[in-house]
file entry-v2.cif (mmCIF, C-alpha atoms and all ligand atoms)
data_input
#
loop_
_atom_site.label_atom_id
_atom_site.label_comp_id
_atom_site.auth_asym_id
_atom_site.auth_seq_id
_atom_site.Cartn_x
_atom_site.Cartn_y
_atom_site.Cartn_z
CA MET A 122 -31.51 -60.85 -6.63
CA LYS A 123 -30.24 -57.34 -7.52
CA ILE A 124 -33.07 -54.94 -8.32
CA LEU A 125 -32.72 -51.32 -9.36
CA VAL A 126 -35.63 -49.09 -8.34
CA ILE A 127 -36.17 -45.92 -10.36
CA ASN A 128 -38.41 -42.95 -9.77
CA ALA A 129 -37.99 -40.58 -12.69
CA GLY A 130 -39.34 -37.04 -12.38
CA SER A 131 -39.42 -34.23 -14.90
CA SER A 132 -35.85 -33.13 -14.11
CA SER A 133 -34.70 -35.87 -11.74
CA ILE A 134 -33.99 -39.57 -11.34
CA LYS A 135 -34.10 -41.16 -7.87
CA TYR A 136 -32.55 -44.61 -7.70
CA GLN A 137 -31.84 -47.42 -5.24
CA LEU A 138 -29.98 -50.62 -5.96
CA MET A 139 -31.02 -53.43 -3.63
CA GLU A 140 -30.04 -57.01 -3.07
CA LEU A 141 -33.11 -58.81 -1.83
CA GLU A 142 -34.63 -62.10 -0.89
CA ASP A 143 -37.85 -61.01 0.79
CA VAL A 144 -39.24 -58.20 2.93
CA HIS A 145 -37.01 -59.23 5.86
CA HIS A 146 -33.87 -59.91 3.85
CA SER A 147 -32.90 -56.93 1.76
CA THR A 148 -29.72 -54.89 1.60
CA LEU A 149 -29.50 -51.41 0.19
CA LEU A 150 -26.31 -51.40 -1.90
CA ALA A 151 -26.40 -47.86 -3.29
CA ALA A 152 -28.83 -45.00 -3.73
CA GLY A 153 -28.87 -41.57 -5.20
CA LEU A 154 -30.53 -38.62 -6.80
CA VAL A 155 -29.83 -37.05 -10.15
CA GLU A 156 -31.36 -33.59 -10.26
CA LYS A 157 -31.54 -30.48 -12.41
CA ILE A 158 -31.55 -32.49 -15.63
CA GLY A 159 -31.85 -30.03 -18.51
CA GLU A 160 -30.54 -27.10 -16.46
CA PRO A 161 -27.09 -25.57 -17.04
CA THR A 162 -25.61 -27.50 -14.12
CA GLY A 163 -27.00 -30.88 -13.15
CA ARG A 164 -26.13 -32.62 -9.89
CA ILE A 165 -25.75 -36.23 -8.79
CA ILE A 166 -25.68 -37.25 -5.16
CA HIS A 167 -24.63 -40.88 -4.97
CA ARG A 168 -24.38 -42.97 -1.79
CA LYS A 169 -22.60 -46.27 -1.54
CA TYR A 170 -23.66 -48.54 1.33
CA ALA A 171 -21.93 -51.84 0.53
CA GLY A 172 -18.37 -53.05 -0.06
CA GLY A 173 -16.54 -50.73 2.32
CA PRO A 174 -17.46 -47.80 4.53
CA GLU A 175 -20.64 -45.88 3.72
CA SER A 176 -19.64 -43.03 1.44
CA LYS A 177 -21.24 -40.14 -0.40
CA PHE A 178 -20.20 -38.65 -3.73
CA VAL A 179 -21.47 -35.43 -5.26
CA GLU A 180 -20.87 -34.55 -8.91
CA GLU A 181 -21.95 -31.51 -10.88
CA GLU A 182 -22.13 -31.45 -14.64
CA HIS A 183 -24.47 -30.51 -17.45
CA LEU A 184 -26.98 -33.33 -18.01
CA PRO A 185 -29.04 -32.33 -21.05
CA THR A 186 -31.51 -35.25 -20.83
CA HIS A 187 -32.45 -38.28 -18.71
CA HIS A 188 -30.22 -40.33 -21.02
CA GLU A 189 -27.08 -38.55 -19.79
CA GLY A 190 -28.38 -38.72 -16.21
CA MET A 191 -28.89 -42.47 -16.37
CA SER A 192 -25.53 -42.89 -18.08
CA ARG A 193 -23.88 -41.27 -15.01
CA VAL A 194 -25.90 -43.51 -12.67
CA VAL A 195 -24.66 -46.62 -14.48
CA ALA A 196 -21.09 -45.26 -14.44
CA LEU A 197 -21.29 -44.62 -10.68
CA LEU A 198 -22.88 -48.00 -9.88
CA THR A 199 -20.12 -49.80 -11.81
CA ASP A 200 -17.21 -47.55 -10.77
CA PRO A 201 -14.41 -49.55 -9.05
CA ASP A 202 -14.35 -47.10 -6.07
CA LYS A 203 -17.80 -45.55 -5.94
CA GLY A 204 -19.76 -48.48 -7.30
CA VAL A 205 -21.18 -51.74 -5.98
CA ILE A 206 -21.39 -53.90 -9.12
CA ARG A 207 -18.90 -54.73 -11.89
CA ASN A 208 -21.21 -54.18 -14.81
CA ALA A 209 -24.80 -53.32 -15.62
CA SER A 210 -25.69 -56.92 -16.47
CA GLU A 211 -25.63 -57.74 -12.72
CA VAL A 212 -28.90 -55.81 -12.38
CA GLN A 213 -31.55 -58.52 -12.72
CA GLY A 214 -34.61 -56.30 -12.86
CA VAL A 215 -35.62 -52.64 -12.87
CA GLY A 216 -38.72 -51.53 -10.97
CA HIS A 217 -40.23 -48.18 -11.94
CA ARG A 218 -42.57 -46.03 -9.92
CA VAL A 219 -45.31 -44.91 -12.31
CA LEU A 220 -48.04 -42.51 -11.25
CA ASN A 221 -51.26 -43.38 -13.02
CA CYS A 222 -52.55 -46.28 -15.12
CA GLY A 223 -56.22 -45.46 -14.59
CA GLU A 224 -58.43 -48.54 -14.45
CA VAL A 225 -56.24 -50.57 -16.79
CA TYR A 226 -54.07 -52.29 -14.19
CA SER A 227 -54.85 -53.12 -10.59
CA ASP A 228 -51.44 -54.66 -9.99
CA THR A 229 -47.80 -54.44 -10.92
CA VAL A 230 -46.93 -55.46 -14.51
CA ARG A 231 -43.93 -56.26 -16.64
CA VAL A 232 -43.41 -53.46 -19.14
CA ASP A 233 -44.24 -54.20 -22.77
CA ALA A 234 -45.52 -52.06 -25.65
CA LYS A 235 -49.10 -52.18 -24.30
CA VAL A 236 -48.02 -51.03 -20.83
CA LYS A 237 -46.11 -48.13 -22.38
CA ASP A 238 -49.16 -47.20 -24.45
CA THR A 239 -51.25 -47.18 -21.28
CA ILE A 240 -48.77 -44.92 -19.47
CA ARG A 241 -48.86 -42.61 -22.51
CA ASP A 242 -52.65 -42.78 -22.61
CA PHE A 243 -52.72 -41.31 -19.08
CA PHE A 244 -50.34 -38.40 -19.74
CA LEU A 245 -53.26 -35.96 -19.39
CA LEU A 246 -54.25 -37.42 -16.00
CA GLY A 247 -50.66 -37.41 -14.71
CA PRO A 248 -49.05 -34.61 -16.68
CA LEU A 249 -46.15 -34.03 -14.28
CA HIS A 250 -45.32 -37.68 -13.64
CA ASN A 251 -46.42 -40.10 -16.37
CA PRO A 252 -44.24 -38.54 -19.15
CA PRO A 253 -40.99 -38.63 -17.11
CA ASN A 254 -41.94 -42.06 -15.70
CA LEU A 255 -42.14 -43.38 -19.27
CA MET A 256 -38.87 -41.64 -20.13
CA GLY A 257 -37.25 -43.38 -17.15
CA ILE A 258 -38.44 -46.75 -18.48
CA GLU A 259 -37.17 -46.09 -21.99
CA VAL A 260 -33.77 -44.92 -20.76
CA ALA A 261 -33.47 -47.93 -18.42
CA GLU A 262 -34.30 -50.26 -21.32
CA GLU A 263 -31.31 -48.84 -23.16
CA PHE A 264 -28.88 -49.28 -20.28
CA PHE A 265 -30.23 -52.56 -18.90
CA PRO A 266 -31.44 -54.34 -22.06
CA HIS A 267 -31.14 -57.78 -20.46
CA ALA A 268 -33.25 -56.89 -17.37
CA PRO A 269 -37.05 -57.06 -17.19
CA GLN A 270 -38.57 -53.61 -16.65
CA VAL A 271 -41.49 -53.58 -14.25
CA ALA A 272 -44.05 -50.82 -13.68
CA VAL A 273 -45.43 -50.33 -10.16
CA PHE A 274 -48.36 -47.91 -10.27
CA ASP A 275 -49.22 -45.47 -7.51
CA THR A 276 -52.90 -45.88 -8.33
CA ALA A 277 -53.07 -49.70 -8.53
CA PHE A 278 -53.77 -50.50 -4.86
CA HIS A 279 -56.79 -48.19 -4.89
CA GLN A 280 -58.50 -50.03 -7.76
CA THR A 281 -60.55 -52.07 -5.27
CA MET A 282 -62.55 -48.97 -4.27
CA PRO A 283 -66.25 -49.41 -5.09
CA PRO A 284 -67.98 -46.97 -7.49
CA LYS A 285 -69.70 -45.20 -4.56
CA ALA A 286 -66.23 -44.24 -3.33
CA PHE A 287 -64.48 -43.44 -6.60
CA LEU A 288 -67.23 -41.71 -8.60
CA TYR A 289 -67.76 -37.97 -8.32
CA ALA A 290 -71.40 -36.89 -8.39
CA VAL A 291 -71.01 -35.02 -11.69
CA PRO A 292 -72.47 -35.63 -15.17
CA TYR A 293 -71.82 -39.33 -15.67
CA GLU A 294 -70.29 -38.91 -19.10
CA TRP A 295 -67.40 -36.98 -17.50
CA TYR A 296 -66.47 -40.39 -16.14
CA THR A 297 -67.26 -42.52 -19.18
CA LYS A 298 -65.86 -40.08 -21.76
CA PHE A 299 -63.12 -38.28 -19.87
CA ARG A 300 -62.23 -40.85 -17.18
CA LEU A 301 -62.83 -38.31 -14.40
CA ARG A 302 -62.94 -40.23 -11.11
CA LYS A 303 -61.03 -40.62 -7.87
CA TYR A 304 -57.88 -42.67 -8.53
CA GLY A 305 -55.95 -42.11 -5.31
CA PHE A 306 -52.17 -42.10 -4.99
CA HIS A 307 -49.45 -43.29 -2.56
CA GLY A 308 -50.89 -46.75 -3.30
CA THR A 309 -47.53 -48.49 -2.99
CA SER A 310 -47.02 -47.05 0.48
CA HIS A 311 -50.57 -47.83 1.66
CA LYS A 312 -50.20 -51.40 0.38
CA PHE A 313 -46.85 -51.83 2.13
CA ILE A 314 -48.37 -50.45 5.36
CA ALA A 315 -51.37 -52.82 5.11
CA GLN A 316 -48.97 -55.79 4.81
CA GLU A 317 -46.77 -54.51 7.64
CA THR A 318 -49.82 -53.98 9.86
CA ALA A 319 -51.03 -57.54 9.24
CA GLU A 320 -47.60 -58.87 10.05
CA TYR A 321 -47.27 -56.69 13.18
CA LEU A 322 -50.65 -57.88 14.43
CA GLY A 323 -49.97 -61.50 13.44
CA LYS A 324 -53.15 -61.63 11.33
CA PRO A 325 -53.76 -62.66 7.72
CA LEU A 326 -53.86 -59.60 5.46
CA ASP A 327 -57.37 -60.45 4.27
CA GLN A 328 -58.59 -60.21 7.87
CA THR A 329 -56.78 -56.96 8.69
CA SER A 330 -58.57 -53.60 8.64
CA LEU A 331 -56.84 -50.30 9.18
CA ILE A 332 -56.80 -46.60 8.51
CA SER A 333 -53.43 -45.83 6.96
CA LEU A 334 -52.18 -42.25 7.41
CA HIS A 335 -49.35 -41.46 4.98
CA LEU A 336 -48.26 -38.05 6.25
CA GLY A 337 -45.19 -36.76 4.43
CA ASN A 338 -44.62 -33.91 2.05
CA GLY A 339 -47.72 -35.22 0.33
CA CYS A 340 -50.40 -36.57 2.66
CA SER A 341 -53.12 -39.11 2.09
CA MET A 342 -55.21 -41.59 4.06
CA ALA A 343 -56.63 -44.93 3.01
CA ALA A 344 -59.51 -46.87 4.55
CA ILE A 345 -58.38 -50.50 4.21
CA ARG A 346 -60.98 -53.17 4.83
CA ASN A 347 -59.80 -56.78 5.04
CA GLY A 348 -56.54 -55.87 3.30
CA LYS A 349 -58.20 -54.03 0.42
CA CYS A 350 -58.58 -50.32 -0.22
CA ALA A 351 -62.17 -49.18 0.38
CA ASP A 352 -61.55 -45.44 0.07
CA THR A 353 -58.74 -42.91 -0.06
CA THR A 354 -58.43 -39.16 0.27
CA MET A 355 -56.57 -38.16 -2.92
CA GLY A 356 -58.67 -37.86 -6.05
CA VAL A 357 -58.30 -37.58 -9.80
CA THR A 358 -55.07 -35.78 -8.90
CA PRO A 359 -53.09 -35.71 -5.64
CA LEU A 360 -54.63 -32.32 -4.75
CA GLU A 361 -57.79 -33.65 -3.09
CA GLY A 362 -58.14 -34.62 0.55
CA LEU A 363 -55.79 -33.72 3.37
CA VAL A 364 -53.97 -30.45 3.99
CA MET A 365 -50.36 -31.03 2.89
CA GLY A 366 -47.06 -29.16 2.94
CA THR A 367 -48.01 -26.97 -0.02
CA ARG A 368 -51.34 -28.44 -1.21
CA SER A 369 -54.74 -27.20 -0.06
CA GLY A 370 -56.51 -30.56 -0.10
CA ASP A 371 -60.31 -30.36 -0.29
CA ILE A 372 -61.68 -27.02 -1.45
CA ASP A 373 -64.96 -25.83 -2.95
CA PRO A 374 -64.31 -25.92 -6.74
CA ALA A 375 -66.31 -22.70 -7.14
CA ALA A 376 -63.46 -20.96 -5.30
CA ILE A 377 -61.35 -21.33 -8.44
CA PRO A 378 -63.31 -19.02 -10.79
CA TYR A 379 -63.84 -16.64 -7.88
CA ILE A 380 -60.08 -16.33 -7.26
CA MET A 381 -59.46 -16.09 -11.02
CA GLY A 382 -61.83 -13.10 -11.09
CA GLN A 383 -60.22 -11.49 -8.04
CA THR A 384 -56.59 -11.92 -9.11
CA GLY A 385 -56.57 -12.13 -12.90
CA MET A 386 -54.90 -15.54 -12.71
CA ASP A 387 -55.99 -18.20 -15.18
CA ALA A 388 -57.27 -21.63 -14.06
CA ALA A 389 -53.88 -23.29 -14.42
CA GLN A 390 -52.26 -20.61 -12.27
CA VAL A 391 -54.88 -21.01 -9.53
CA VAL A 392 -54.48 -24.81 -9.56
CA ASN A 393 -50.72 -24.33 -9.44
CA ALA A 394 -51.16 -22.10 -6.37
CA LEU A 395 -53.42 -24.73 -4.77
CA ASN A 396 -50.65 -27.31 -5.34
CA LYS A 397 -47.57 -25.25 -4.53
CA GLN A 398 -48.47 -22.20 -2.42
CA SER A 399 -51.19 -23.59 -0.18
CA GLY A 400 -51.44 -26.10 2.67
CA LEU A 401 -49.17 -25.44 5.66
CA LYS A 402 -47.11 -23.03 3.55
CA GLY A 403 -50.16 -21.05 2.51
CA ILE A 404 -51.31 -20.56 6.08
CA CYS A 405 -48.02 -19.94 7.90
CA GLY A 406 -45.31 -19.53 5.28
CA VAL A 407 -43.39 -22.78 5.82
CA ASN A 408 -44.19 -26.30 4.64
CA ASP A 409 -41.85 -28.41 6.76
CA MET A 410 -43.71 -29.82 9.77
CA ARG A 411 -40.61 -29.44 12.00
CA GLU A 412 -40.63 -25.69 11.40
CA VAL A 413 -44.40 -25.43 11.82
CA VAL A 414 -44.30 -27.26 15.19
CA GLU A 415 -41.34 -25.20 16.38
CA ALA A 416 -42.96 -21.91 15.38
CA ALA A 417 -46.28 -22.91 16.98
CA GLY A 418 -44.44 -23.89 20.18
CA GLY A 419 -42.77 -20.46 20.15
CA GLY A 420 -46.14 -18.73 20.13
CA ASN A 421 -46.55 -18.10 16.39
CA ALA A 422 -50.35 -17.98 16.02
CA GLN A 423 -50.36 -18.56 12.25
CA ALA A 424 -48.24 -21.70 12.68
CA GLN A 425 -50.67 -22.91 15.37
CA THR A 426 -53.58 -22.26 12.99
CA ALA A 427 -51.81 -24.24 10.25
CA LEU A 428 -51.27 -27.14 12.64
CA ASP A 429 -54.91 -26.97 13.76
CA ILE A 430 -56.23 -27.04 10.19
CA PHE A 431 -53.87 -29.90 9.27
CA ALA A 432 -54.96 -32.00 12.25
CA TYR A 433 -58.65 -31.13 11.99
CA ARG A 434 -58.88 -32.29 8.37
CA ILE A 435 -57.29 -35.61 9.34
CA GLN A 436 -59.66 -35.97 12.31
CA LYS A 437 -62.65 -35.50 10.01
CA TYR A 438 -61.39 -38.21 7.66
CA ILE A 439 -60.72 -40.54 10.61
CA GLY A 440 -64.36 -40.07 11.61
CA ALA A 441 -65.47 -40.80 8.05
CA TYR A 442 -63.27 -43.87 7.68
CA LEU A 443 -64.39 -45.31 11.00
CA ALA A 444 -67.81 -45.44 9.34
CA VAL A 445 -66.32 -47.08 6.23
CA VAL A 446 -64.24 -49.75 7.99
CA PRO A 447 -66.10 -51.82 10.59
CA GLY A 448 -63.97 -53.87 12.97
CA LEU A 449 -60.96 -51.61 12.65
CA ASP A 450 -57.72 -53.16 13.97
CA ALA A 451 -55.44 -50.15 13.87
CA LEU A 452 -54.83 -46.54 13.02
CA VAL A 453 -51.38 -46.48 11.42
CA PHE A 454 -49.08 -43.46 11.09
CA THR A 455 -46.35 -43.47 8.45
CA ALA A 456 -44.05 -41.29 6.26
CA GLY A 457 -41.95 -38.27 7.30
CA ILE A 458 -44.50 -36.61 9.60
CA GLY A 459 -46.37 -39.77 10.62
CA GLU A 460 -43.19 -41.58 11.66
CA ASN A 461 -41.30 -38.68 13.21
CA SER A 462 -43.60 -36.02 14.57
CA ALA A 463 -44.94 -36.96 18.00
CA SER A 464 -46.49 -33.47 18.18
CA ALA A 465 -48.46 -33.97 14.97
CA ARG A 466 -49.66 -37.42 16.13
CA GLU A 467 -50.71 -35.97 19.48
CA HIS A 468 -52.54 -33.10 17.85
CA ILE A 469 -54.39 -35.49 15.52
CA CYS A 470 -55.43 -37.94 18.26
CA ARG A 471 -56.37 -35.31 20.84
CA GLY A 472 -60.15 -35.13 21.20
CA LEU A 473 -60.83 -38.47 19.53
CA GLU A 474 -61.02 -40.45 22.78
CA HIS A 475 -64.79 -40.90 22.33
CA LEU A 476 -63.96 -42.88 19.15
CA GLY A 477 -61.72 -45.29 21.06
CA ILE A 478 -58.54 -43.53 19.93
CA ARG A 479 -56.44 -43.17 23.08
CA LEU A 480 -52.83 -42.17 22.64
CA ASP A 481 -50.29 -42.86 25.39
CA PRO A 482 -48.22 -39.65 25.60
CA VAL A 483 -45.12 -41.39 26.96
CA LYS A 484 -45.09 -44.10 24.28
CA ASN A 485 -45.85 -41.46 21.64
CA HIS A 486 -42.82 -39.36 22.58
CA ALA A 487 -40.37 -42.25 23.09
CA PRO A 488 -37.82 -41.87 20.28
CA SER A 489 -37.66 -44.95 18.06
CA ARG A 490 -37.36 -45.89 14.41
CA ALA A 491 -38.83 -49.35 14.95
CA PRO A 492 -42.42 -50.41 14.26
CA ARG A 493 -44.28 -49.70 17.49
CA GLU A 494 -47.64 -49.19 19.18
CA ILE A 495 -48.45 -45.99 21.01
CA GLN A 496 -51.99 -46.46 22.35
CA GLN A 497 -52.76 -46.64 26.08
CA ASP A 498 -52.48 -50.08 27.67
CA GLY A 499 -55.63 -52.17 27.46
CA VAL A 500 -57.29 -50.12 24.72
CA PRO A 501 -58.57 -52.36 21.90
CA LEU A 502 -57.87 -50.01 18.98
CA LYS A 503 -54.16 -50.02 18.27
CA ILE A 504 -52.35 -46.88 17.19
CA LEU A 505 -49.23 -47.95 15.28
CA VAL A 506 -46.20 -46.13 13.91
CA LEU A 507 -44.78 -48.16 11.04
CA PRO A 508 -41.99 -46.96 8.75
CA THR A 509 -42.99 -47.07 5.10
CA ASN A 510 -40.60 -48.17 2.36
CA GLU A 511 -42.01 -47.64 -1.11
CA GLU A 512 -38.72 -48.54 -2.80
CA LEU A 513 -38.56 -51.88 -1.01
CA GLN A 514 -42.16 -52.60 -1.99
CA ILE A 515 -41.34 -51.74 -5.64
CA ALA A 516 -38.26 -54.01 -5.51
CA LEU A 517 -40.25 -56.87 -3.96
CA GLU A 518 -43.01 -56.62 -6.55
CA THR A 519 -40.41 -56.45 -9.33
CA LYS A 520 -38.81 -59.63 -8.01
CA GLN A 521 -42.22 -61.33 -7.82
CA ILE A 522 -42.97 -60.44 -11.44
CA ILE A 523 -39.59 -61.72 -12.58
CA GLU A 524 -40.12 -64.96 -10.69
CA GLY A 525 -43.57 -65.29 -12.21
CA HIS A 526 -45.54 -65.11 -8.94
CA ASN A 527 -47.60 -62.21 -10.15
CA GLY A 528 -49.12 -60.50 -13.21
P1 LIG A 601 -41.64 -37.55 3.28
O1 LIG A 601 -42.34 -36.92 2.11
O2 LIG A 601 -42.27 -38.80 3.75
O3 LIG A 601 -40.15 -37.69 3.06
O4 LIG A 601 -41.80 -36.53 4.48
C1 LIG A 601 -41.16 -35.28 4.46
C2 LIG A 601 -41.72 -34.41 5.55
O5 LIG A 601 -41.69 -35.08 6.82
C3 LIG A 601 -40.91 -33.14 5.77
O6 LIG A 601 -41.31 -32.12 4.93
C4 LIG A 601 -41.23 -32.81 7.20
O7 LIG A 601 -42.37 -31.98 7.22
C5 LIG A 601 -41.61 -34.11 7.85
N1 LIG A 601 -40.64 -34.55 8.85
C6 LIG A 601 -39.52 -35.27 8.69
N2 LIG A 601 -38.90 -35.44 9.88
C7 LIG A 601 -39.65 -34.85 10.83
C8 LIG A 601 -39.57 -34.68 12.23
N3 LIG A 601 -38.55 -35.18 12.94
N4 LIG A 601 -40.54 -33.99 12.84
C9 LIG A 601 -41.56 -33.46 12.14
N5 LIG A 601 -41.71 -33.60 10.82
C10 LIG A 601 -40.77 -34.27 10.17
#

call {"tool": "encode", "arguments": {"input": "entry-v2.cif", "output": "structure tokens", "more": "lines below"}}
Ligand code: AMP
result
Amino acid sequence: MKILVINAGSSSIKYQLMELEDVHHSTLLAAGLVEKIGEPTGRIIHRKYAGGPESKFVEEEHLPTHHEGMSRVVALLTDPDKGVIRNASEVQGVGHRVLNCGEVYSDTVRVDAKVKDTIRDFFLLGPLHNPPNLMGIEVAEEFFPHAPQVAVFDTAFHQTMPPKAFLYAVPYEWYTKFRLRKYGFHGTSHKFIAQETAEYLGKPLDQTSLISLHLGNGCSMAAIRNGKCADTTMGVTPLEGLVMGTRSGDIDPAAIPYIMGQTGMDAAQVVNALNKQSGLKGICGVNDMREVVEAAGGGNAQAQTALDIFAYRIQKYIGAYLAVVPGLDALVFTAGIGENSASAREHICRGLEHLGIRLDPVKNHAPSRAPREIQQDGVPLKILVLPTNEELQIALETKQIIEGHNG
């Protein structure tokens, strides 16, 4: 079945066209990124993986709206040279990444008027993502009118958290009236990792417990008990929790009015700085973990401090989640940093030996892209490195919905 996966941002559309049977039988046919929509010069980077040698095409042109962007995507996918299908009707389903559906859905759903209303209803709780996500759906409906549109929510996997985990200890009507609570994000990745962990360990998912560490540009952890999310680090927005590339993670909220008073910034500007100028970048000036590790290795004290703060926050959450998840099977690293940075993994695990977390330095540094375990021989608690694949998970769930196995 051919499934198109779309992640529409405010000025971008990321897409992947996949042919898939199941998690083990999928082929990426083409993928790309449309960016700078609405700017004077838009850009499309399109990669073709099937029907000839792998090739990359870059186009620049003015793309006033997502409509023109998607129109170029369809033209590229169906182009005799650059494309991989003859016409748009070959696409049998479109899976959309959607940020937040609150408590309305705890699983993937086929898009209808009610689903669109729900996405709209959560614009205020996902102001940067929900509006373009909905736009992506509406544009895809135009270009693929025959194909079911499916919404895969970043918050859905976390809906199993109990109230003690998702409620903030604030006036209760802030929750009942304003829907203020922890939602958590990266749910599609944490769910994929839970399934992959169960499969790697040869256990049923509902008997698999893990701490999932999604460490990429954005970072979050999930405590997963018997296959279900028990707690996660991100909150009502993705700002809470871990130190990230440019996000502060946890901070005393009273710091916000204090910094407003000191700088003259308004609340939105301070929150923007906490999202975009903080984290690794705030401490040492760069947000890419490769650069932070290199600078720290070269004796840059600020970079070392950034690395220390990043790792220490994760260590504290590991301690907390060990209390939340009894009978833990594995600590699982994933995403850009989690999969690729042996230094970050080493820094995080160092000093946690008393908790049964014992990294094998040789296994940790052995270069590999495959799912693997990196704990010392004979230690019961596994430390796994598993590649995440949110697009594949979205495509699989879209296929399940179309086939009527779900929702
Ligand atoms: P993601 O958001 O999952 O694509 O992760 C992106 C981040 O992963 C980048 O900003 C880097 O900080 C990090 N990353 C990717 N490759 C490496 C690597 N080889 N070593 C360290 N960090 C890496």

call {"tool": "closest_residue", "arguments": {"input": "entry-v2.cif", "among": "A:Pro283, A:Gly173, A:Gly366, A:Gly406", "to": "ligand LIG 601 (chain A)", "atoms": "only C-alpha atoms and all ligand atoms"}}
result
A:Gly366

call {"tool": "residues_near_ligand", "arguments": {"input": "entry-v2.cif", "ligand": "ligand LIG 601 (chain A)", "cutoff": "9 Å", "atoms": "only C-alpha atoms and all ligand atoms", "output": "PyMOL selection string"}}
result
chain A and resi 335-340+366+408-414+455-465+509

call {"tool": "closest_residue", "arguments": {"input": "entry-v2.cif", "among": "A:Tyr442, A:Leu322, A:Gly172, A:Gly223", "to": "A:Arg207", "atoms": "all atoms listed in the file"}}
result
A:Gly172

call {"tool": "residues_around", "arguments": {"input": "entry-v2.cif", "residues": "A:Asp352", "least_positions_apart": "2", "cutoff": "6 Å", "atoms": "only C-alpha atoms", "output": "list in words"}}
result
Met282, Ala286, Ala343, Ala344 and Cys350 of chain A

call {"tool": "residues_around", "arguments": {"input": "entry-v2.cif", "residues": "A:Pro248", "least_positions_apart": "5", "cutoff": "10 Å", "atoms": "only C-alpha atoms", "output": "list in words"}}
result
Ser131, Leu220, Asn221, Arg241, Phe243, Pro253 and Thr358 of chain A

call {"tool": "residues_around", "arguments": {"input": "entry-v2.cif", "residues": "stretch 313-315 of chain A", "least_positions_apart": "6", "cutoff": "8 Å", "atoms": "only C-alpha atoms", "output": "list in words"}}
result
Leu326, Thr329, Leu331, Ser333, Ile345, Gly348, Val453, Thr455, Leu507, Thr509, Asn510, Glu511 and Gln514 of chain A

call {"tool": "atom_distance", "arguments": {"input": "entry-v2.cif", "atom1": "atom CA of A:Leu363", "atom2": "atom CA of A:Lys397"}}
result
14.2 Å

call {"tool": "atom_distance", "arguments": {"input": "entry-v2.cif", "atom1": "atom CA of A:Leu246", "atom2": "atom CA of A:Arg302"}}
result
10.4 Å
